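The structure file input01.txt is reproduced below (compact mmCIF, C-alpha atoms).
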# COMPACT_ATOMS: atom_id res chain seq x y z
CA MET A 20 141.22 55.60 73.66
CA LEU A 21 142.20 56.50 77.19
CA SER A 22 143.63 53.93 79.57
CA PRO A 23 141.95 53.39 82.97
CA ALA A 24 144.74 55.40 84.62
CA GLU A 25 144.21 58.27 82.21
CA LEU A 26 140.45 58.19 82.75
CA ASP A 27 141.17 58.34 86.49
CA ALA A 28 143.26 61.47 85.97
CA LEU A 29 140.50 63.03 83.88
CA ARG A 30 137.93 62.18 86.57
CA VAL A 31 140.09 63.59 89.37
CA SER A 32 140.75 66.75 87.34
CA LEU A 33 137.05 67.35 86.68
CA ILE A 34 136.03 66.72 90.29
CA VAL A 35 138.80 68.94 91.65
CA SER A 36 138.13 71.80 89.21
CA LEU A 37 134.33 71.71 89.51
CA THR A 38 134.56 71.59 93.31
CA ALA A 39 137.01 74.49 93.30
CA VAL A 40 134.64 76.61 91.18
CA ALA A 41 131.54 75.63 93.19
CA VAL A 42 133.19 76.41 96.54
CA SER A 43 134.68 79.74 95.46
CA LEU A 44 131.61 81.00 93.55
CA PRO A 45 129.63 82.35 96.56
CA PHE A 46 132.77 84.08 97.87
CA GLY A 47 133.58 85.34 94.38
CA VAL A 48 130.12 86.91 94.07
CA LEU A 49 130.28 88.39 97.58
CA PHE A 50 133.75 89.92 97.24
CA GLY A 51 133.23 90.89 93.58
CA TRP A 52 130.18 92.88 94.66
CA LEU A 53 131.91 94.37 97.72
CA LEU A 54 134.90 95.51 95.67
CA ALA A 55 132.66 96.94 92.93
CA ARG A 56 130.16 98.75 95.14
CA ARG A 57 131.57 99.48 98.57
CA GLN A 58 134.31 101.62 100.04
CA PHE A 59 135.70 100.22 103.25
CA PHE A 60 138.82 100.27 105.38
CA GLY A 61 141.44 97.81 104.14
CA LYS A 62 139.89 97.46 100.67
CA SER A 63 143.17 97.75 98.79
CA ALA A 64 144.89 95.40 101.25
CA LEU A 65 142.15 92.84 100.64
CA GLU A 66 142.56 93.20 96.88
CA THR A 67 146.30 92.66 97.19
CA VAL A 68 145.80 89.48 99.19
CA PHE A 69 143.29 88.13 96.64
CA ASN A 70 145.59 88.92 93.73
CA LEU A 71 148.75 87.50 95.30
CA PRO A 72 148.17 83.94 93.99
CA LEU A 73 148.05 85.41 90.48
CA VAL A 74 151.64 86.66 90.68
CA MET A 75 153.24 84.40 93.30
CA PRO A 76 154.92 81.17 92.19
CA PRO A 77 152.21 78.50 92.63
CA VAL A 78 154.69 76.43 94.66
CA VAL A 79 154.88 79.28 97.17
CA THR A 80 151.07 79.41 97.34
CA GLY A 81 151.13 75.65 97.93
CA TYR A 82 153.73 76.06 100.64
CA LEU A 83 151.61 78.64 102.45
CA LEU A 84 148.51 76.43 102.14
CA LEU A 85 150.53 73.55 103.58
CA VAL A 86 151.59 75.69 106.53
CA LEU A 87 147.99 76.82 107.13
CA PHE A 88 146.10 73.63 106.37
CA GLY A 89 148.67 70.94 107.21
CA ARG A 90 148.00 68.47 110.05
CA ASN A 91 149.78 70.84 112.43
CA GLY A 92 148.75 74.05 110.73
CA TRP A 93 146.34 76.12 112.79
CA LEU A 94 143.47 75.89 110.30
CA GLY A 95 144.23 72.30 109.28
CA GLY A 96 144.30 71.22 112.94
CA LEU A 97 140.89 72.79 113.59
CA LEU A 98 139.34 71.26 110.46
CA ASP A 99 140.61 67.85 111.48
CA ARG A 100 139.48 68.13 115.09
CA TRP A 101 136.04 69.68 114.43
CA PHE A 102 134.97 68.11 111.17
CA GLY A 103 137.40 65.24 110.63
CA VAL A 104 138.42 66.84 107.33
CA ARG A 105 142.00 66.36 106.17
CA LEU A 106 143.21 68.28 103.18
CA VAL A 107 146.81 67.14 102.86
CA PHE A 108 147.31 64.31 100.35
CA ASP A 109 143.61 64.43 99.55
CA TRP A 110 141.59 65.57 96.51
CA LYS A 111 139.94 68.19 98.76
CA GLY A 112 143.38 69.72 99.24
CA ALA A 113 143.85 69.78 95.46
CA ALA A 114 140.46 71.53 95.15
CA LEU A 115 141.50 74.08 97.79
CA ALA A 116 144.75 74.78 95.92
CA ALA A 117 142.85 75.17 92.63
CA ALA A 118 140.27 77.44 94.27
CA VAL A 119 142.86 79.74 95.84
CA VAL A 120 144.94 80.00 92.68
CA SER A 121 141.93 80.66 90.41
CA PHE A 122 140.05 82.97 92.83
CA PRO A 123 141.60 86.25 91.59
CA LEU A 124 140.48 85.52 88.03
CA MET A 125 136.94 84.80 89.19
CA VAL A 126 136.70 87.88 91.45
CA ARG A 127 138.12 90.18 88.78
CA SER A 128 135.55 89.09 86.22
CA ILE A 129 132.61 89.29 88.65
CA ARG A 130 133.74 92.64 89.99
CA LEU A 131 133.87 94.13 86.48
CA ALA A 132 130.39 92.75 85.79
CA PHE A 133 128.91 94.38 88.91
CA SER A 134 130.69 97.66 88.14
CA ALA A 135 129.00 97.66 84.73
CA VAL A 136 125.50 97.42 86.25
CA ASP A 137 123.94 100.90 86.41
CA VAL A 138 123.60 101.85 90.09
CA ARG A 139 120.33 103.61 89.27
CA LEU A 140 118.73 100.31 88.25
CA GLU A 141 119.40 99.10 91.79
CA GLN A 142 118.06 102.38 93.16
CA ALA A 143 114.94 102.03 90.99
CA ALA A 144 114.41 98.54 92.44
CA ARG A 145 114.71 99.92 95.98
CA THR A 146 112.15 102.69 95.37
CA LEU A 147 109.79 100.05 93.95
CA GLY A 148 109.80 98.21 97.26
CA ALA A 149 112.73 95.81 97.03
CA GLY A 150 115.02 95.49 100.05
CA ARG A 151 118.80 95.30 99.62
CA LEU A 152 118.96 91.53 99.18
CA ASP A 153 115.86 91.45 97.00
CA ALA A 154 117.30 94.13 94.69
CA PHE A 155 120.59 92.24 94.57
CA PHE A 156 119.04 88.94 93.53
CA SER A 157 116.35 90.35 91.22
CA VAL A 158 118.38 93.07 89.46
CA SER A 159 122.14 93.20 90.14
CA LEU A 160 122.93 89.50 89.91
CA PRO A 161 120.86 88.73 86.78
CA LEU A 162 122.44 91.74 85.03
CA ALA A 163 125.94 90.64 86.09
CA ARG A 164 125.27 87.05 85.02
CA ASN A 165 127.56 87.10 81.99
CA GLY A 166 130.52 88.23 84.06
CA VAL A 167 129.77 85.62 86.70
CA VAL A 168 129.68 82.88 84.03
CA ALA A 169 132.89 84.19 82.46
CA GLY A 170 134.54 84.21 85.90
CA CYS A 171 133.53 80.59 86.47
CA VAL A 172 134.88 79.52 83.08
CA LEU A 173 138.19 81.28 83.68
CA ALA A 174 138.47 79.80 87.16
CA PHE A 175 137.61 76.33 85.86
CA ALA A 176 140.25 76.55 83.13
CA ARG A 177 142.87 77.81 85.57
CA SER A 178 141.95 75.00 88.00
CA LEU A 179 142.39 72.37 85.27
CA GLY A 180 145.94 73.54 84.68
CA GLU A 181 146.91 73.92 88.33
CA PHE A 182 150.16 72.11 89.10
CA GLY A 183 152.54 73.73 91.58
CA ALA A 184 150.26 74.38 94.53
CA THR A 185 148.44 71.07 94.00
CA VAL A 186 151.61 69.03 94.15
CA MET A 187 152.65 70.80 97.35
CA ILE A 188 149.48 70.19 99.36
CA ALA A 189 147.85 67.16 97.73
CA GLY A 190 150.83 65.27 96.40
CA ASN A 191 150.66 63.08 93.32
CA ILE A 192 148.64 60.00 94.28
CA ALA A 193 147.29 57.98 91.36
CA GLY A 194 143.47 57.90 91.28
CA ARG A 195 143.18 60.34 94.19
CA THR A 196 145.10 63.53 93.64
CA ARG A 197 146.78 62.86 90.31
CA THR A 198 145.13 65.39 88.02
CA MET A 199 145.80 65.54 84.28
CA PRO A 200 148.81 67.88 84.48
CA LEU A 201 150.35 65.72 87.20
CA PHE A 202 149.68 62.57 85.18
CA ILE A 203 151.35 64.02 82.09
CA TYR A 204 154.34 65.17 84.14
CA ASN A 205 154.52 61.73 85.72
CA GLU A 206 154.49 59.93 82.36
CA LEU A 207 157.37 62.03 81.12
CA GLU A 208 159.61 60.65 83.87
CA ALA A 209 159.59 57.23 82.15
CA PRO A 210 160.90 56.37 78.66
CA GLY A 211 158.27 56.69 75.90
CA GLY A 212 156.25 59.10 78.05
CA LEU A 213 155.99 61.73 75.36
CA GLU A 214 153.93 59.37 73.19
CA ARG A 215 151.93 57.90 76.05
CA SER A 216 150.77 61.25 77.41
CA MET A 217 149.57 62.38 73.98
CA GLY A 218 146.00 61.19 74.63
CA LEU A 219 145.62 63.18 77.83
CA VAL A 220 147.24 66.23 76.27
CA ILE A 221 144.54 66.17 73.60
CA VAL A 222 141.81 65.63 76.22
CA SER A 223 143.12 68.59 78.22
CA ILE A 224 142.88 70.81 75.17
CA ILE A 225 139.35 69.56 74.39
CA VAL A 226 138.07 70.11 77.97
CA ALA A 227 139.54 73.62 78.10
CA ALA A 228 138.11 74.49 74.68
CA ALA A 229 134.70 73.08 75.65
CA ALA A 230 134.67 75.29 78.75
CA LEU A 231 135.45 78.36 76.64
CA VAL A 232 132.72 77.51 74.12
CA LEU A 233 130.17 76.85 76.85
CA GLY A 234 131.00 80.20 78.48
CA GLU A 235 130.68 81.96 75.13
CA VAL A 236 127.28 80.35 74.43
CA LEU A 237 125.91 81.27 77.87
CA GLU A 238 127.19 84.81 77.48
CA ARG A 239 125.65 85.23 74.03
CA ARG A 240 122.33 83.92 75.27
CA GLY A 241 122.44 86.42 78.13
CA ARG A 242 123.29 89.28 75.80
CA ARG A 243 120.45 88.41 73.41
CA ARG A 244 118.04 88.49 76.31
CA LEU A 245 119.20 91.96 77.31
CA GLY A 246 118.59 93.20 73.78
CA ALA A 247 121.11 94.40 71.25
CA SER A 248 121.25 98.05 72.26
CA ASP A 249 119.91 100.24 74.99
CA ALA A 250 120.22 103.70 73.49
CA MET B 17 95.08 115.35 102.20
CA THR B 18 98.67 114.20 101.77
CA THR B 19 101.30 116.89 101.93
CA LEU B 20 105.04 116.67 101.46
CA THR B 21 107.04 118.90 103.76
CA PHE B 22 110.72 119.18 103.04
CA ARG B 23 113.35 120.96 105.11
CA CYS B 24 116.90 119.78 104.55
CA GLU B 25 120.50 120.84 104.43
CA HIS B 26 123.05 118.86 102.54
CA HIS B 27 126.54 119.70 101.35
CA TYR B 28 129.04 118.03 99.07
CA ARG B 29 132.83 117.99 99.13
CA SER B 30 132.75 120.10 95.97
CA GLY B 31 131.43 122.93 98.14
CA PHE B 32 127.88 122.81 96.77
CA ARG B 33 125.39 123.34 99.52
CA LEU B 34 121.67 122.70 99.44
CA ALA B 35 119.48 124.40 102.04
CA ALA B 36 115.84 124.27 101.05
CA GLU B 37 112.43 124.25 102.63
CA PHE B 38 109.13 123.76 100.82
CA GLU B 39 105.74 122.09 100.83
CA ALA B 40 103.91 120.26 98.06
CA ARG B 41 100.24 119.31 98.14
CA GLU B 42 98.29 116.70 96.24
CA GLY B 43 98.47 117.15 92.48
CA VAL B 44 101.43 118.27 90.42
CA THR B 45 104.03 120.71 91.72
CA ALA B 46 106.91 121.72 89.48
CA LEU B 47 110.44 121.93 90.84
CA PHE B 48 112.17 124.26 88.45
CA GLY B 49 115.80 125.30 88.19
CA PRO B 50 118.89 125.21 85.99
CA SER B 51 121.19 122.19 86.13
CA GLY B 52 123.40 122.29 89.19
CA SER B 53 120.76 124.07 91.27
CA GLY B 54 120.18 121.03 93.50
CA LYS B 55 117.10 119.45 91.93
CA SER B 56 118.61 115.97 91.76
CA THR B 57 119.86 116.25 95.33
CA ILE B 58 116.30 116.99 96.49
CA VAL B 59 115.00 113.98 94.52
CA SER B 60 117.64 111.68 96.04
CA LEU B 61 116.92 112.97 99.55
CA ILE B 62 113.18 112.35 99.21
CA ALA B 63 113.57 108.94 97.55
CA GLY B 64 116.00 107.82 100.27
CA LEU B 65 119.02 107.42 98.02
CA LEU B 66 120.86 110.06 100.04
CA CYS B 67 120.73 110.95 103.74
CA PRO B 68 120.68 114.69 104.54
CA HIS B 69 123.20 116.18 106.96
CA HIS B 70 120.38 118.02 108.72
CA GLY B 71 116.70 118.06 108.20
CA LYS B 72 113.32 116.48 108.15
CA ILE B 73 111.02 115.17 105.43
CA ASN B 74 107.39 114.31 106.14
CA LEU B 75 104.91 112.72 103.79
CA GLY B 76 101.38 112.92 105.13
CA THR B 77 101.54 111.58 108.67
CA ARG B 78 104.74 109.66 108.07
CA THR B 79 108.27 110.84 108.77
CA LEU B 80 110.66 109.72 106.02
CA VAL B 81 113.73 111.32 107.56
CA ASP B 82 114.41 113.24 110.71
CA THR B 83 118.05 113.71 111.53
CA ALA B 84 117.22 115.17 114.97
CA SER B 85 115.46 112.00 116.14
CA ARG B 86 117.57 109.67 113.96
CA VAL B 87 114.68 108.47 111.84
CA TRP B 88 115.58 107.19 108.41
CA LEU B 89 113.22 105.08 106.32
CA PRO B 90 114.96 102.99 103.65
CA PRO B 91 113.78 103.64 100.07
CA GLU B 92 111.72 100.44 99.88
CA ARG B 93 109.54 101.58 102.79
CA ARG B 94 108.92 105.17 101.69
CA HIS B 95 106.24 104.58 99.05
CA VAL B 96 107.90 107.18 96.89
CA GLY B 97 107.79 106.38 93.18
CA LEU B 98 110.70 107.63 91.11
CA VAL B 99 110.77 108.10 87.35
CA PHE B 100 114.28 108.76 86.05
CA GLN B 101 115.20 110.94 83.10
CA ASP B 102 116.38 107.92 81.10
CA HIS B 103 113.64 105.56 82.34
CA CYS B 104 115.94 102.97 84.03
CA LEU B 105 113.74 100.04 83.02
CA PHE B 106 115.15 96.65 83.97
CA PRO B 107 116.68 95.43 80.69
CA HIS B 108 116.46 91.73 81.65
CA LEU B 109 112.68 91.85 82.23
CA THR B 110 109.79 92.29 79.81
CA VAL B 111 107.54 95.33 79.95
CA ARG B 112 104.97 93.32 81.92
CA GLU B 113 107.61 92.10 84.39
CA ASN B 114 108.86 95.66 84.79
CA LEU B 115 105.33 96.85 85.55
CA GLU B 116 104.80 94.02 88.02
CA TYR B 117 108.11 94.55 89.83
CA GLY B 118 106.81 97.12 92.30
CA PHE B 119 103.21 95.89 92.15
CA ARG B 120 104.23 92.47 93.54
CA ARG B 121 106.37 93.86 96.32
CA ARG B 122 103.71 96.14 97.83
CA ARG B 123 101.19 94.26 99.86
CA GLN B 124 98.53 96.97 99.99
CA HIS B 125 98.13 97.79 96.33
CA THR B 126 94.92 99.04 94.84
CA ALA B 127 96.28 99.94 91.45
CA ASP B 128 95.20 97.93 88.48
CA LEU B 129 97.81 96.92 85.94
CA SER B 130 95.52 96.73 82.93
CA HIS B 131 93.91 100.07 83.71
CA ILE B 132 97.24 101.87 84.03
CA ALA B 133 98.47 100.15 80.87
CA GLU B 134 95.37 101.38 79.06
CA VAL B 135 95.67 105.00 80.20
CA LEU B 136 99.36 105.06 79.28
CA GLU B 137 98.66 103.28 75.97
CA ILE B 138 101.19 100.52 76.59
CA GLU B 139 98.89 97.45 76.55
CA SER B 140 100.31 96.28 73.23
CA LEU B 141 103.87 96.41 74.56
CA LEU B 142 103.55 94.08 77.56
CA ALA B 143 105.46 91.14 76.05
CA ARG B 144 108.28 93.24 74.60
CA ALA B 145 111.77 93.85 75.96
CA PRO B 146 112.61 97.45 76.98
CA ALA B 147 115.46 97.56 74.45
CA THR B 148 112.94 97.25 71.59
CA LEU B 149 110.83 100.26 72.67
CA SER B 150 111.05 103.86 71.52
CA GLY B 151 112.02 106.61 73.94
CA GLY B 152 108.44 107.72 74.53
CA GLU B 153 107.24 104.15 75.07
CA ARG B 154 109.99 103.50 77.60
CA GLN B 155 109.13 106.62 79.54
CA ARG B 156 105.45 105.65 79.66
CA VAL B 157 106.37 102.17 80.91
CA ALA B 158 108.65 103.74 83.54
CA LEU B 159 105.79 105.98 84.66
CA GLY B 160 103.44 102.98 84.82
CA ARG B 161 105.99 100.97 86.80
CA ALA B 162 106.31 103.74 89.39
CA LEU B 163 102.52 104.22 89.61
CA LEU B 164 101.92 100.50 90.11
CA SER B 165 104.13 100.41 93.21
CA SER B 166 101.29 102.29 94.97
CA PRO B 167 103.25 105.44 95.78
CA GLU B 168 101.98 108.30 97.91
CA LEU B 169 104.47 110.59 96.22
CA LEU B 170 105.65 110.51 92.64
CA LEU B 171 109.06 112.01 91.82
CA LEU B 172 109.41 112.75 88.12
CA ASP B 173 113.07 113.62 87.54
CA GLU B 174 113.12 115.34 84.12
CA PRO B 175 111.15 112.43 82.67
CA LEU B 176 110.30 114.30 79.46
CA ALA B 177 113.64 115.98 78.78
CA ALA B 178 114.70 113.50 76.09
CA LEU B 179 111.37 113.52 74.24
CA ASP B 180 109.99 115.78 71.52
CA ARG B 181 107.16 118.22 72.14
CA PRO B 182 104.09 116.21 70.94
CA LEU B 183 105.22 113.24 73.04
CA GLN B 184 105.73 115.45 76.08
CA VAL B 185 102.19 116.77 75.75
CA ARG B 186 100.76 113.27 75.39
CA ILE B 187 102.53 111.95 78.46
CA LEU B 188 101.57 115.00 80.51
CA GLN B 189 97.94 114.38 79.54
CA SER B 190 98.13 110.73 80.65
CA LEU B 191 99.75 111.85 83.88
CA ARG B 192 96.93 114.32 84.50
CA THR B 193 94.30 111.62 83.85
CA ILE B 194 95.96 109.36 86.39
CA LEU B 195 96.41 112.06 89.01
CA ALA B 196 92.73 112.98 88.69
CA GLU B 197 91.89 109.42 89.81
CA ARG B 198 94.04 109.12 92.90
CA PRO B 199 95.29 111.29 95.75
CA LEU B 200 98.97 111.65 95.01
CA VAL B 201 101.65 114.28 95.41
CA ALA B 202 103.62 114.56 92.18
CA LEU B 203 106.85 116.54 92.00
CA LEU B 204 107.88 117.24 88.41
CA VAL B 205 111.53 118.24 88.17
CA THR B 206 112.39 120.29 85.10
CA HIS B 207 114.74 122.92 83.72
CA ASP B 208 112.41 123.69 80.80
CA PRO B 209 110.11 126.74 81.31
CA SER B 210 107.77 125.66 78.49
CA GLN B 211 106.89 122.47 80.37
CA ILE B 212 105.82 124.59 83.33
CA GLU B 213 103.51 126.66 81.16
CA ALA B 214 101.91 123.49 79.76
CA LEU B 215 101.48 122.15 83.27
CA ASP B 216 99.58 125.00 84.94
CA ALA B 217 100.82 123.95 88.38
CA PRO B 218 102.45 125.61 91.38
CA VAL B 219 106.16 126.17 90.83
CA ILE B 220 109.04 125.95 93.27
CA GLU B 221 112.07 127.64 91.80
CA LEU B 222 115.52 126.57 92.87
CA LYS B 223 118.69 128.64 92.43
CA ALA B 224 122.14 127.54 93.60
CA GLY B 225 120.77 125.23 96.28
CA ARG B 226 118.14 127.64 97.63
CA ILE B 227 114.47 128.27 97.00
CA ALA B 228 114.15 131.36 94.83
CA SER B 229 110.40 131.81 95.06
CA PRO B 230 107.65 130.28 97.16
CA PRO B 231 105.11 128.19 95.25
CA GLN B 232 102.45 130.31 93.62
CA PRO B 233 98.85 129.17 93.98
CA SER B 234 97.51 128.00 90.63
Would you mind giving the structure from this file in structure tokens?
Amino acid sequence: MLSPAELDALRVSLIVSLTAVAVSLPFGVLFGWLLARRQFFGKSALETVFNLPLVMPPVVTGYLLLVLFGRNGWLGGLLDRWFGVRLVFDWKGAALAAAVVSFPLMVRSIRLAFSAVDVRLEQAARTLGAGRLDAFFSVSLPLARNGVVAGCVLAFARSLGEFGATVMIAGNIAGRTRTMPLFIYNELEAPGGLERSMGLVIVSIIVAAAALVLGEVLERRGRRRLGASDA
Amino acid sequence: MTTLTFRCEHHYRSGFRLAAEFEAREGVTALFGPSGSGKSTIVSLIAGLLCPHHGKINLGTRTLVDTASRVWLPPERRHVGLVFQDHCLFPHLTVRENLEYGFRRRRQHTADLSHIAEVLEIESLLARAPATLSGGERQRVALGRALLSSPELLLLDEPLAALDRPLQVRILQSLRTILAERPLVALLVTHDPSQIEALDAPVIELKAGRIASPPQPS
């Protein structure tokens, strides 16, 4: 079975990835909806910024996060002074890196889901007495649920695999910021590492597959509820 | 006596321009015209899904829109029920939940769910999902859902267009039963002259964004 150090890496990976998904979900829903439903000044610029982490080398993303959120960075300084939160060399920094890198995948999926919701269903809800927020939570969001779940699964899987940006901002501290990919990389530095990291490699595959299956099950359940066809 | 008075101008980038003025009293009034004549624009303007460039819409003593005095009621405060051509039932809710959607959100409702369900012959469908209903059943549920939101005005946007003749007649009969019970302005939008004959109601004819004939007394 897994050694205590490997279990630590698994634990850190799960905490970091779940935190990343939980923190980015409200923003993912907000911006996914905005991009699907609204026209506003700077929309394409905003999209470009969101999608940058998808195409930039993760190390560059990590570098930028370090500049922004480092002890002397202007956001990092404020966080430290106001809330006593330090992200550098901390699992929270690893979660931030994972969230930023996986955010485009989440937003893309949620945006597509909201685009697929018939605008007239929202209009029907409004004429029946529902305000904007009410219509959003009682009609739009439940109907976009599958896409939201799919976005979370994708973001979770991407967070699990995050390496470059994590190493830049959170370092590689055993038991604190050493996630599974970092652990495997670390093992390979020493002789016999290929064999020793086998266990965690298998665990990584299992966790990723479990996330995919869970997403699929939730999606199928949602689809069944909506009925097979709507001719 | 509730009366709808409509006087609006609205234009689109495509160049289409609506400039129409009419009144509709309690009971059914037909809004008749070919597609592209502006019927849907009028429906959207009254329901609050679109804001006119100029104009004023009054329903009874209430002003729904008045561009001159910058009044604009959002759709949820207009008490205007809308029945779409393809029903637009909420697919994630049961028939009962669909019917209750508007019912629960209006504080001053007097309508009775089981009565409406009986008149529309949908009592046996309450537990079903909209996807499992036939076209006629869906349209009756959609009509019930709009009626249960205690509207003062009912907009029926080609609600019967996709149904065959016997079904159309049946739904029109249910509609008449319901309208006989409550004071309600109902605007039936249609491009089908035979529906107008069956209806025996005043007709407002629309051509290329303008009223072609004033409503005839029935």
Tell me, as a CSV table (one decimal) with C-alpha atoms, keeping the file's coordinate frame, which residues lie within 8 Å of Arg127 (chain A), counting all atoms listed in the file; anything in the same chain fewer than 3 positions away does not count.
chain,number,residue,atom,x,y,z
A,51,GLY,CA,133.2,90.9,93.6
A,123,PRO,CA,141.6,86.2,91.6
A,124,LEU,CA,140.5,85.5,88.0
A,130,ARG,CA,133.7,92.6,90.0
A,131,LEU,CA,133.9,94.1,86.5
A,170,GLY,CA,134.5,84.2,85.9
For chain B, which residue among A:Ser22, A:Gln58, A:Ser157, A:Asn70 is the nearest when counting all atoms listed in the file?
A:Ser157
Protein/DNA/RNA residues near (146.4, 76.8, 85.4), cut 12 Å, only C-alpha atoms, as number ranges by chain
A: 32, 36, 72-73, 76-77, 116-122, 124, 173-185, 198-201, 223, 227
Nearby residues (only C-alpha atoms) at most 10 Å from region 161-166 of chain A, same-chain spacing under 5 positions excluded, as an MDAnalysis selection string
(chainID A and resid 48 52 125:137 140 155:156 171:172 234:235 237:242 245) or (chainID B and resid 106:109)
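The space between CA of Gly52 (chain B) and CA of Gln184 (chain B) spans 23.0 Å.
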Could you pull the residues within 7 Å of region 160-162 of chain B, counting all atoms listed in the file, minus those fewer than 4 positions along the same chain, as a PyMOL selection string?
(chain A and resi 147) or (chain B and resi 97-99+114-115+118+132-133+156)
Taking C-alpha atoms for each residue, export the selection above as a short mmCIF file (atom, residue, chain, number, x, y, z; two decimals), in the coordinates of the input.
data_model
loop_
_atom_site.label_atom_id
_atom_site.label_comp_id
_atom_site.auth_asym_id
_atom_site.auth_seq_id
_atom_site.Cartn_x
_atom_site.Cartn_y
_atom_site.Cartn_z
CA LEU A 147 109.79 100.05 93.95
CA GLY B 97 107.79 106.38 93.18
CA LEU B 98 110.70 107.63 91.11
CA VAL B 99 110.77 108.10 87.35
CA ASN B 114 108.86 95.66 84.79
CA LEU B 115 105.33 96.85 85.55
CA GLY B 118 106.81 97.12 92.30
CA ILE B 132 97.24 101.87 84.03
CA ALA B 133 98.47 100.15 80.87
CA ARG B 156 105.45 105.65 79.66
#
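Counting all atoms listed in the file and comparing B:Cys24, B:Ala145, B:Leu183, B:Leu169, the residue that lies closest to chain A is B:Ala145.
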Can you work out which residues from chain B touch chain A at a cut-off of 10 Å (counting all atoms listed in the file) and hand them back as an MDAnalysis selection string?
chainID B and resid 60 63:65 90:100 102:110 114 116:123 145:151 158 161:167
Selection near Ala143 (chain B), 9 Å with all atoms listed in the file, sequence-local residues under 2 positions removed, as an NGL selection string
:B and (110-113 or 140-141 or 145)
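A straight line drawn from CA of Ile212 (chain B) to CA of His27 (chain B) is 27.9 Å long.
Between CA of Leu87 (chain A) and CA of Ile188 (chain A) there is a distance of 10.3 Å.
Near region 76-78 of chain B, within a cut-off of 6 Å and counting only C-alpha atoms, sit the residues Thr18, Thr19 and Asn74 of chain B, with same-chain residues fewer than 2 positions away left out.
Nearest-residue note for Pro23 (chain A): choosing from A:Gly89, A:Gly194, A:Gly103, A:Gly81, the minimum distance belongs to A:Gly194, counting all atoms listed in the file.
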The centre and edge lengths of an axis-aligned box containing all atoms of region 212-226 of chain A present in the file, extended by 5 Å on each side, are to be given in Å to one decimal, as JSON.
{"center_x": 147.2, "center_y": 64.4, "center_z": 75.7, "size_x": 28.2, "size_y": 22.9, "size_z": 15.0}
